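**Student:** Data file data-v4.cif (mmCIF, C-alpha atoms) is appended below.
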data_model
loop_
_atom_site.label_atom_id
_atom_site.label_comp_id
_atom_site.auth_asym_id
_atom_site.auth_seq_id
_atom_site.Cartn_x
_atom_site.Cartn_y
_atom_site.Cartn_z
CA MET U 265 8.55 -39.25 -16.15
CA ASP U 266 7.35 -35.70 -16.84
CA TYR U 267 5.84 -35.42 -13.36
CA ARG U 268 4.76 -31.90 -12.49
CA PRO U 269 3.69 -31.05 -8.93
CA ASN U 270 0.28 -29.46 -8.56
CA ASN U 271 1.09 -26.22 -6.72
CA ASN U 272 -2.56 -25.47 -6.03
CA ALA U 273 -3.07 -28.86 -4.41
CA SER U 274 0.09 -28.45 -2.33
CA ALA U 275 -1.03 -25.03 -1.19
CA LEU U 276 -4.46 -26.37 -0.29
CA ALA U 277 -2.93 -29.16 1.79
CA SER U 278 -0.52 -26.90 3.65
CA ARG U 279 -2.86 -23.89 3.80
CA THR U 280 0.00 -21.77 2.46
CA SER U 281 2.13 -21.30 -0.66
CA ASN U 282 5.30 -19.63 -1.82
CA THR U 283 3.26 -16.88 -3.42
CA ILE U 284 3.41 -13.18 -2.72
CA GLY U 285 0.68 -10.74 -3.66
CA VAL U 286 0.84 -7.06 -4.50
CA VAL U 287 -2.09 -4.62 -4.67
CA THR U 288 -1.65 -1.24 -6.39
CA PRO U 289 -4.20 1.32 -7.64
CA THR U 290 -3.25 0.62 -11.28
CA VAL U 291 -0.09 -1.12 -12.41
CA SER U 292 -0.33 0.56 -15.84
CA MET U 293 0.98 3.83 -14.34
CA LEU U 294 4.77 4.16 -14.50
CA PHE U 295 5.11 4.72 -10.75
CA PHE U 296 3.11 1.62 -9.80
CA GLY U 297 4.82 -0.38 -12.54
CA SER U 298 8.13 0.40 -10.80
CA LEU U 299 6.59 -0.66 -7.49
CA ALA U 300 5.47 -3.97 -9.00
CA SER U 301 8.91 -4.45 -10.55
CA GLY U 302 10.53 -4.15 -7.11
CA VAL U 303 8.13 -6.72 -5.65
CA GLU U 304 8.76 -9.07 -8.57
CA LYS U 305 12.53 -8.82 -8.06
CA GLY U 306 12.15 -9.65 -4.36
CA ALA U 307 9.80 -12.54 -5.11
CA ARG U 308 12.22 -13.99 -7.66
CA GLU U 309 15.20 -13.70 -5.29
CA ASN U 310 13.26 -15.59 -2.61
CA GLY U 311 11.85 -18.27 -4.91
CA PHE U 312 8.30 -16.92 -4.68
CA LYS U 313 5.65 -16.59 -7.37
CA LEU U 314 3.87 -13.27 -7.79
CA LEU U 315 0.17 -12.40 -8.03
CA MET U 316 -0.90 -8.82 -8.83
CA ALA U 317 -4.20 -6.98 -8.44
CA ASN U 318 -5.41 -3.44 -9.14
CA SER U 319 -7.67 -1.56 -6.75
CA LEU U 320 -8.56 1.12 -9.33
CA TYR U 321 -8.64 3.75 -6.55
CA GLU U 322 -11.72 2.13 -5.00
CA THR U 323 -11.91 0.98 -1.39
CA ALA U 324 -14.19 -1.97 -2.16
CA SER U 325 -11.94 -3.15 -5.00
CA GLU U 326 -8.90 -2.81 -2.74
CA LEU U 327 -10.45 -5.02 -0.05
CA ASN U 328 -11.72 -7.51 -2.64
CA ALA U 329 -8.21 -7.75 -4.08
CA ILE U 330 -6.79 -8.57 -0.65
CA GLU U 331 -9.42 -11.26 -0.09
CA SER U 332 -8.65 -12.74 -3.51
CA LEU U 333 -4.95 -12.98 -2.63
CA ARG U 334 -5.80 -14.55 0.73
CA ALA U 335 -8.01 -17.07 -1.06
CA ASN U 336 -4.96 -18.00 -3.14
CA ASN U 337 -3.03 -18.70 0.08
CA CYS U 338 -0.52 -15.88 -0.36
CA LYS U 339 2.00 -16.01 2.45
CA ALA U 340 2.83 -12.34 2.06
CA ILE U 341 1.01 -9.30 0.65
CA ILE U 342 2.40 -5.88 -0.30
CA LEU U 343 -0.42 -3.34 -0.18
CA HIS U 344 -0.42 0.19 -1.57
CA SER U 345 -3.57 1.35 0.17
CA GLU U 346 -5.03 4.66 -0.92
CA TYR U 347 -8.35 4.92 0.87
CA SER U 348 -8.98 2.06 3.30
CA ASP U 349 -9.32 3.43 6.83
CA GLU U 350 -6.69 2.78 9.48
CA LYS U 351 -8.97 0.61 11.61
CA THR U 352 -9.53 -1.78 8.70
CA LEU U 353 -5.82 -1.98 7.88
CA ILE U 354 -4.86 -2.60 11.52
CA LYS U 355 -7.40 -5.45 11.62
CA LEU U 356 -6.00 -6.93 8.40
CA ALA U 357 -2.45 -6.72 9.78
CA GLY U 358 -3.61 -8.76 12.76
CA GLU U 359 -5.08 -11.42 10.45
CA ILE U 360 -2.27 -11.56 7.86
CA PRO U 361 1.19 -11.90 9.44
CA GLY U 362 2.93 -11.16 6.11
CA LEU U 363 0.99 -7.98 5.28
CA VAL U 364 3.18 -4.92 4.65
CA LEU U 365 1.91 -1.46 3.72
CA ILE U 366 3.90 0.61 1.27
CA ASN U 367 3.57 4.42 1.02
CA ARG U 368 1.38 4.47 4.12
CA PHE U 369 2.24 5.04 7.77
CA ILE U 370 0.01 3.94 10.64
CA PRO U 371 1.58 4.36 14.10
CA GLU U 372 -0.11 1.27 15.57
CA ILE U 373 1.52 -0.97 12.95
CA ALA U 374 4.59 1.16 12.16
CA ASN U 375 6.80 -1.93 11.86
CA ARG U 376 4.59 -3.10 8.94
CA CYS U 377 4.87 0.22 7.06
CA VAL U 378 7.45 1.13 4.41
CA TRP U 379 6.98 4.80 3.59
CA LEU U 380 8.60 7.96 2.25
CA ASP U 381 9.29 11.20 4.08
CA ASN U 382 7.19 13.47 1.85
CA THR U 383 7.79 16.44 4.12
CA SER U 384 11.57 16.45 3.74
CA GLY U 385 11.33 15.67 0.01
CA SER U 386 9.15 18.69 -0.71
CA GLN U 387 11.32 20.82 1.57
CA VAL U 388 14.44 19.89 -0.42
CA ALA U 389 12.71 20.66 -3.74
CA THR U 390 11.48 24.04 -2.48
CA ASN U 391 14.84 24.98 -1.01
CA HIS U 392 16.51 24.12 -4.30
CA LEU U 393 14.34 26.67 -6.11
CA LEU U 394 14.90 29.22 -3.35
CA SER U 395 18.65 28.74 -3.66
CA LYS U 396 18.36 29.66 -7.34
CA GLY U 397 16.76 33.00 -6.42
CA HIS U 398 13.10 32.18 -7.06
CA LYS U 399 10.45 34.03 -5.03
CA ASP U 400 7.20 33.64 -7.00
CA PHE U 401 5.91 30.08 -6.66
CA ALA U 402 3.04 27.99 -7.99
CA VAL U 403 2.08 24.40 -7.23
CA VAL U 404 0.18 21.82 -9.26
CA THR U 405 -1.00 18.98 -7.05
CA SER U 406 -3.09 15.83 -7.29
CA VAL U 407 -6.85 16.02 -7.02
CA TYR U 408 -6.81 12.61 -5.33
CA GLN U 409 -7.18 13.40 -1.64
CA ASN U 410 -4.89 10.76 -0.22
CA ARG U 411 -2.14 11.71 2.20
CA ASP U 412 0.80 12.50 -0.09
CA PRO U 413 -0.54 15.57 -1.96
CA GLY U 414 -1.65 17.39 1.19
CA CYS U 415 1.59 16.58 2.99
CA ARG U 416 3.72 17.90 0.14
CA VAL U 417 1.75 21.11 -0.31
CA GLU U 418 1.90 21.80 3.42
CA SER U 419 5.65 21.24 3.42
CA ILE U 420 6.08 23.63 0.49
CA LYS U 421 4.03 26.31 2.24
CA ASN U 422 5.94 25.90 5.51
CA THR U 423 9.32 26.02 3.78
CA LEU U 424 8.37 29.20 1.93
CA ALA U 425 6.99 30.75 5.12
CA LYS U 426 10.31 30.15 6.87
CA ASN U 427 11.87 32.20 4.09
CA HIS U 428 9.23 34.96 4.48
CA ILE U 429 7.47 34.03 1.25
CA LYS U 430 3.71 33.43 1.11
CA LEU U 431 2.20 31.01 -1.37
CA PRO U 432 -1.11 32.53 -2.56
CA VAL U 433 -4.07 30.15 -2.46
CA LYS U 434 -4.83 30.90 -6.11
CA ASN U 435 -1.33 29.71 -7.04
CA ILE U 436 -2.22 26.15 -5.98
CA GLU U 437 -4.09 24.19 -8.63
CA GLU U 438 -5.33 20.59 -8.53
CA GLY U 439 -5.53 18.11 -11.37
CA THR U 440 -5.41 14.41 -12.12
CA ALA U 441 -1.94 13.01 -11.41
CA ASN U 442 -0.95 12.58 -15.05
CA ILE U 443 0.32 14.61 -18.01
CA GLU U 444 -3.13 15.86 -18.95
CA GLY U 445 -3.83 16.89 -15.35
CA GLY U 446 -0.61 18.89 -15.14
CA GLU U 447 -1.35 20.59 -18.44
CA GLN U 448 -4.87 21.58 -17.43
CA ALA U 449 -3.71 22.80 -14.00
CA VAL U 450 -1.15 25.17 -15.50
CA LYS U 451 -3.65 26.43 -18.05
CA ALA U 452 -5.93 27.25 -15.12
CA LEU U 453 -3.10 29.09 -13.31
CA ILE U 454 -2.37 31.16 -16.40
CA ALA U 455 -6.08 31.88 -16.97
CA LYS U 456 -6.30 33.24 -13.42
CA GLY U 457 -3.38 35.57 -14.08
CA CYS U 458 -1.13 33.94 -11.48
CA LYS U 459 2.39 35.28 -11.31
CA PHE U 460 5.14 32.68 -10.86
CA ASP U 461 8.66 31.94 -12.00
CA ALA U 462 8.94 28.58 -10.20
CA LEU U 463 6.58 25.62 -10.34
CA LEU U 464 6.51 22.56 -8.08
CA ALA U 465 4.57 19.57 -9.41
CA TYR U 466 3.10 16.66 -7.47
CA ASN U 467 4.82 14.17 -9.76
CA ASP U 468 6.86 13.95 -12.95
CA LEU U 469 3.84 13.33 -15.16
CA MET U 470 2.15 16.53 -13.96
CA ALA U 471 5.46 18.38 -14.36
CA ILE U 472 5.74 17.31 -18.01
CA GLY U 473 2.15 18.35 -18.65
CA ALA U 474 2.95 21.68 -17.00
CA ILE U 475 5.90 22.18 -19.35
CA HIS U 476 3.62 21.51 -22.32
CA ALA U 477 1.13 24.13 -21.13
CA LEU U 478 3.87 26.69 -20.45
CA PHE U 479 5.29 26.12 -23.93
CA ASP U 480 1.84 26.56 -25.48
CA ALA U 481 1.51 29.87 -23.58
CA GLY U 482 4.79 31.13 -25.04
CA LEU U 483 6.77 30.61 -21.83
CA ARG U 484 10.16 28.89 -21.87
CA VAL U 485 11.41 26.35 -19.31
CA PRO U 486 13.63 27.15 -17.52
CA ASP U 487 14.25 30.66 -18.90
CA ASP U 488 10.85 32.00 -17.87
CA VAL U 489 9.68 29.35 -15.38
CA SER U 490 11.68 26.72 -13.50
CA VAL U 491 9.92 23.39 -12.97
CA VAL U 492 10.60 20.60 -10.45
CA GLY U 493 8.87 17.21 -10.48
CA PHE U 494 8.69 14.34 -8.02
CA ASP U 495 9.30 10.57 -8.53
CA ASP U 496 12.26 10.48 -10.97
CA LEU U 497 10.47 8.39 -13.58
CA SER U 498 12.36 7.41 -16.74
CA ILE U 499 10.13 9.73 -18.79
CA GLY U 500 11.80 12.68 -17.05
CA ILE U 501 14.95 12.31 -19.15
CA ALA U 502 12.97 11.80 -22.37
CA CYS U 503 11.45 15.29 -22.29
CA ARG U 504 13.14 18.58 -23.14
CA PRO U 505 14.38 20.17 -21.02
CA ARG U 506 15.33 17.13 -18.98
CA LEU U 507 13.37 17.30 -15.76
CA THR U 508 14.84 18.23 -12.39
CA THR U 509 13.03 16.06 -9.86
CA MET U 510 13.06 14.29 -6.52
CA HIS U 511 14.10 10.65 -6.71
CA TYR U 512 11.40 8.52 -5.10
CA PRO U 513 13.09 5.15 -4.43
CA ILE U 514 9.88 3.22 -5.02
CA GLU U 515 11.49 0.16 -6.59
CA GLU U 516 14.01 -0.09 -3.74
CA MET U 517 11.19 0.40 -1.23
CA ALA U 518 9.13 -2.34 -2.88
CA LEU U 519 12.06 -4.76 -2.81
CA TYR U 520 12.62 -3.96 0.87
CA ALA U 521 8.90 -4.37 1.61
CA THR U 522 8.87 -7.75 -0.14
CA ASN U 523 11.75 -9.10 1.93
CA LEU U 524 10.08 -7.76 5.07
CA ALA U 525 6.73 -9.35 4.19
CA ILE U 526 8.32 -12.73 3.50
CA LYS U 527 10.22 -12.58 6.79
CA LEU U 528 7.08 -11.68 8.75
CA SER U 529 5.11 -14.49 7.08
CA GLU U 530 7.43 -17.17 8.44
CA PRO U 531 6.17 -19.15 11.47
CA ASP U 532 7.23 -18.06 14.96
CA VAL U 533 8.66 -14.73 13.79
CA THR U 534 8.18 -11.92 16.29
CA PRO U 535 7.96 -8.57 14.46
CA SER U 536 10.62 -6.13 15.56
CA LYS U 537 9.84 -2.54 16.52
CA GLN U 538 12.06 -1.24 13.71
CA THR U 539 10.52 1.40 11.44
CA HIS U 540 11.10 1.63 7.71
CA LEU U 541 11.39 5.23 6.46
CA PHE U 542 12.94 6.20 3.11
CA ILE U 543 14.15 9.63 1.95
CA ALA U 544 13.79 11.31 -1.47
CA ASP U 545 16.92 12.79 -3.10
CA LEU U 546 17.22 15.74 -5.49
CA VAL U 547 18.15 14.92 -9.08
CA GLU U 548 19.38 18.07 -10.85
CA ARG U 549 18.87 18.27 -14.59
CA ASP U 550 17.90 21.12 -16.93
CA SER U 551 14.47 22.45 -15.94
CA VAL U 552 15.67 24.88 -13.24
CA LYS U 553 17.52 28.14 -13.88
CA LYS U 554 19.39 30.40 -11.51
CA LEU U 555 17.97 33.95 -11.55
#
For this file, write the structure as structure tokens.
**Tutor:**
Amino acid sequence: MDYRPNNNASALASRTSNTIGVVTPTVSMLFFGSLASGVEKGARENGFKLLMANSLYETASELNAIESLRANNCKAIILHSEYSDEKTLIKLAGEIPGLVLINRFIPEIANRCVWLDNTSGSQVATNHLLSKGHKDFAVVTSVYQNRDPGCRVESIKNTLAKNHIKLPVKNIEEGTANIEGGEQAVKALIAKGCKFDALLAYNDLMAIGAIHALFDAGLRVPDDVSVVGFDDLSIGIACRPRLTTMHYPIEEMALYATNLAIKLSEPDVTPSKQTHLFIADLVERDSVKKL
């Protein structure tokens, strides 16, 4: 008889729906596209529909996106929160049983957080370059002052210090976390006369931009400068040389977070005290040379 149930009416009657929401800064970026892909896979496997929203790196937009998803009776929400303060997020976790944070750790709601060990990831990347004989380092990092850039830079500095190598302040340059930002950051390093034969980038996009700038300056990768990225985006194997990087299991993390959020959203579920930490792995390709 061609009857089609009205999902909105059903959701209104039950005050809930088989809908999961995801909030990212901007899904157009490759990294956040992979995150959304992981959530979509989890939603599909559980018979859920998916709603997506962008926060555009703005706290107000982030909170408005969450309220919009709540207004659509989302049972579960995956939130990549860049700038909302911990107090606000703890309050939201108390109001939304199926809220899970991804790429953010808050001790008070640790069992709702799915995050990456940035410290060990940067340590592995730095040690890889050290093992190849490199001693003169530079870093291009994100200008966005969320937690990940600072954590990674600090880990790099500590790892070098343990090997009796100091990272000069002038050898750290900030830029937007994209190809253009990486290119401009390396141009700034070269303009300052910084000496380096190894470069660690905040992410793969900045690493590729760095390679462009080095090439324009007449420097070869990896013959003159070795470069390591972070994320393991598909674009890393499309460039030449193919990029050595740290694999950030963001899609796997997003799938895990989705299953966790759906579980927590079910009635009478008592959240466990289990924590949800992921580790980055080194992916060796062609952008690092042994000295």
**Student:** Do a neighbour search on Ile360 of chain U at 12 Å with all atoms listed in the file, toss out local chain neighbours closer than 3 positions, and write the hits as number ranges by chain.
**Tutor:** U: 280, 285, 330-331, 333-335, 337-343, 353-357, 363-365, 376, 525-526, 528-531
**Student:** Restricting it to C-alpha atoms, dump the selection as a PDB file, keeping the file's coordinate frame.
**Tutor:**
ATOM      1  CA  THR U 280       0.000 -21.770   2.460  1.00  0.00           C
ATOM      2  CA  GLY U 285       0.680 -10.740  -3.660  1.00  0.00           C
ATOM      3  CA  ILE U 330      -6.790  -8.570  -0.650  1.00  0.00           C
ATOM      4  CA  GLU U 331      -9.420 -11.260  -0.090  1.00  0.00           C
ATOM      5  CA  LEU U 333      -4.950 -12.980  -2.630  1.00  0.00           C
ATOM      6  CA  ARG U 334      -5.800 -14.550   0.730  1.00  0.00           C
ATOM      7  CA  ALA U 335      -8.010 -17.070  -1.060  1.00  0.00           C
ATOM      8  CA  ASN U 337      -3.030 -18.700   0.080  1.00  0.00           C
ATOM      9  CA  CYS U 338      -0.520 -15.880  -0.360  1.00  0.00           C
ATOM     10  CA  LYS U 339       2.000 -16.010   2.450  1.00  0.00           C
ATOM     11  CA  ALA U 340       2.830 -12.340   2.060  1.00  0.00           C
ATOM     12  CA  ILE U 341       1.010  -9.300   0.650  1.00  0.00           C
ATOM     13  CA  ILE U 342       2.400  -5.880  -0.300  1.00  0.00           C
ATOM     14  CA  LEU U 343      -0.420  -3.340  -0.180  1.00  0.00           C
ATOM     15  CA  LEU U 353      -5.820  -1.980   7.880  1.00  0.00           C
ATOM     16  CA  ILE U 354      -4.860  -2.600  11.520  1.00  0.00           C
ATOM     17  CA  LYS U 355      -7.400  -5.450  11.620  1.00  0.00           C
ATOM     18  CA  LEU U 356      -6.000  -6.930   8.400  1.00  0.00           C
ATOM     19  CA  ALA U 357      -2.450  -6.720   9.780  1.00  0.00           C
ATOM     20  CA  LEU U 363       0.990  -7.980   5.280  1.00  0.00           C
ATOM     21  CA  VAL U 364       3.180  -4.920   4.650  1.00  0.00           C
ATOM     22  CA  LEU U 365       1.910  -1.460   3.720  1.00  0.00           C
ATOM     23  CA  ARG U 376       4.590  -3.100   8.940  1.00  0.00           C
ATOM     24  CA  ALA U 525       6.730  -9.350   4.190  1.00  0.00           C
ATOM     25  CA  ILE U 526       8.320 -12.730   3.500  1.00  0.00           C
ATOM     26  CA  LEU U 528       7.080 -11.680   8.750  1.00  0.00           C
ATOM     27  CA  SER U 529       5.110 -14.490   7.080  1.00  0.00           C
ATOM     28  CA  GLU U 530       7.430 -17.170   8.440  1.00  0.00           C
ATOM     29  CA  PRO U 531       6.170 -19.150  11.470  1.00  0.00           C
TER      30      PRO U 531
END
**Student:** Measure the distance from atom CA of Ile373 of chain U to atom CA of Asn422 of chain U in Å and round it to one decimal.
**Tutor:**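 The value is 28.2 Å.
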**Student:** Between atom CA of Ala402 of chain U and atom CA of Asn382 of chain U, measure the distance and give it in Å to one decimal.
**Tutor:**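 Separation of atom CA of Ala402 of chain U and atom CA of Asn382 of chain U: 18.0 Å.
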**Student:** What is the atom CA of Phe542 of chain U to atom CA of Phe296 of chain U distance in Å?
**Tutor:**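 Value for the atom CA of Phe542 of chain U-atom CA of Phe296 of chain U distance: 16.9 Å.
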**Student:** Given the file above and the PyMOL selection byres ((chain U and resi 539) around 12), which residues are selected, and can you give them as JSON, numbers by chain?
**Tutor:** {"U": [364, 365, 369, 370, 371, 372, 373, 374, 375, 376, 377, 378, 379, 380, 521, 524, 535, 536, 537, 538, 540, 541, 542]}
**Student:** Counting all atoms listed in the file, which residue out of U:Glu309, U:Glu438, U:Glu326, U:Asp400 sits closest to Asn523 of chain U?
**Tutor:**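 Ranking U:Glu309, U:Glu438, U:Glu326, U:Asp400 by distance to Asn523 of chain U, first place goes to U:Glu309.
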**Student:** For the file shown, what are the residues hit by the PyMOL selection byres ((chain U and resi 469) around 9), laid out as a list in words?
**Tutor:**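 Checked against the file, the PyMOL selection byres ((chain U and resi 469) around 9) matches Ala441, Asn442, Ile443, Glu444, Gly445, Gly446, Ala465, Tyr466, Asn467, Asp468, Met470, Ala471, Ile472, Gly473, Ala474, Gly493, Phe494, Leu497, Ile499 and Gly500 of chain U.
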**Student:** Which is closest to Pro289 of chain U among U:Ala481, U:Val403, U:Ala544, U:Ala324, if we use only C-alpha atoms?
**Tutor:**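 Using only C-alpha atoms, the shortest distance to Pro289 of chain U belongs to U:Ala324.
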**Student:** Pull out every residue that the PyMOL selection byres ((chain U and resi 512) around 8) matches in the shown coordinates and put them as a list in words.
**Tutor:**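 The output of the PyMOL selection byres ((chain U and resi 512) around 8) on this file is Leu380, Phe494, Asp495, Asp496, Met510, His511, Pro513, Ile514, Ile543, Ala544 and Asp545 of chain U.
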**Student:** Would you save the residues from that selection as a JSON list (two decimals), in the coordinates of the input, using C-alpha atoms?
**Tutor:**
[["chain", "number", "residue", "atom", "x", "y", "z"],
["U", 380, "LEU", "CA", 8.60, 7.96, 2.25],
["U", 494, "PHE", "CA", 8.69, 14.34, -8.02],
["U", 495, "ASP", "CA", 9.30, 10.57, -8.53],
["U", 496, "ASP", "CA", 12.26, 10.48, -10.97],
["U", 510, "MET", "CA", 13.06, 14.29, -6.52],
["U", 511, "HIS", "CA", 14.10, 10.65, -6.71],
["U", 513, "PRO", "CA", 13.09, 5.15, -4.43],
["U", 514, "ILE", "CA", 9.88, 3.22, -5.02],
["U", 543, "ILE", "CA", 14.15, 9.63, 1.95],
["U", 544, "ALA", "CA", 13.79, 11.31, -1.47],
["U", 545, "ASP", "CA", 16.92, 12.79, -3.10]]
**Student:** Please give the centre and size of the box around segment 476-492 of chain U (axis-aligned, containing every atom listed in the file, 4 Å added per side), with values in Å to one decimal and written as lines of an AutoDock Vina configuration file.
**Tutor:**
center_x = 7.7
center_y = 26.3
center_z = -18.0
size_x = 21.1
size_y = 19.4
size_z = 23.0
**Student:** Which residues, written as a list in words, have at least one atom at most 12 Å from Asp480 of chain U, with all atoms listed in the file counted and residues fewer than 3 positions away on the same chain left out?
**Tutor:**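 Counting all atoms listed in the file, the residues come to Glu447, Gln448, Val450, Lys451, Ile454, Gly473, Ala474, Ile475, His476, Ala477, Leu483, Arg484 and Val485 of chain U.
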**Student:** Which of these, U:Gly358, U:Leu555, U:Phe460, U:Ser301, has the shortest distance to Pro432 of chain U once you count all atoms listed in the file?
**Tutor:**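 Closest residue, counting all atoms listed in the file: U:Phe460.
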**Student:** Which is closest to Gln387 of chain U among U:His344, U:Lys421, U:Arg411, U:Lys351, if we use all atoms listed in the file?
**Tutor:**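 Answer, going by the shortest atom-to-atom distance: U:Lys421.
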**Student:** Check the smallest atom-to-atom distance from each of U:Arg549, U:Lys527, U:Lys426, U:Lys434 to Thr509 of chain U using all atoms listed in the file, then report the winner.
**Tutor:**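 Using all atoms listed in the file, the shortest distance to Thr509 of chain U belongs to U:Arg549.
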**Student:** Between U:Thr440, U:Thr508, U:Asn427, U:Ser332, which one has atoms that come closest to Tyr408 of chain U, using all atoms listed in the file?
**Tutor:**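 Selected residue with least distance to Tyr408 of chain U: U:Thr440.
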**Student:** List as a PyMOL selection string the protein and nucleic acid residues near Asn318 of chain U, meaning an atom at most 6 Å away when only C-alpha atoms are counted, but skip any in the same chain fewer than 3 places from it.
**Tutor:** chain U and resi 287-290
**Student:** Write out as an MDAnalysis selection string which residues come within 12 Å of Asp488 of chain U when counting all atoms listed in the file, dropping same-chain ones fewer than 6 positions away.
**Tutor:** chainID U and resid 398 400 459:463 475 478:479 481:482 551:555
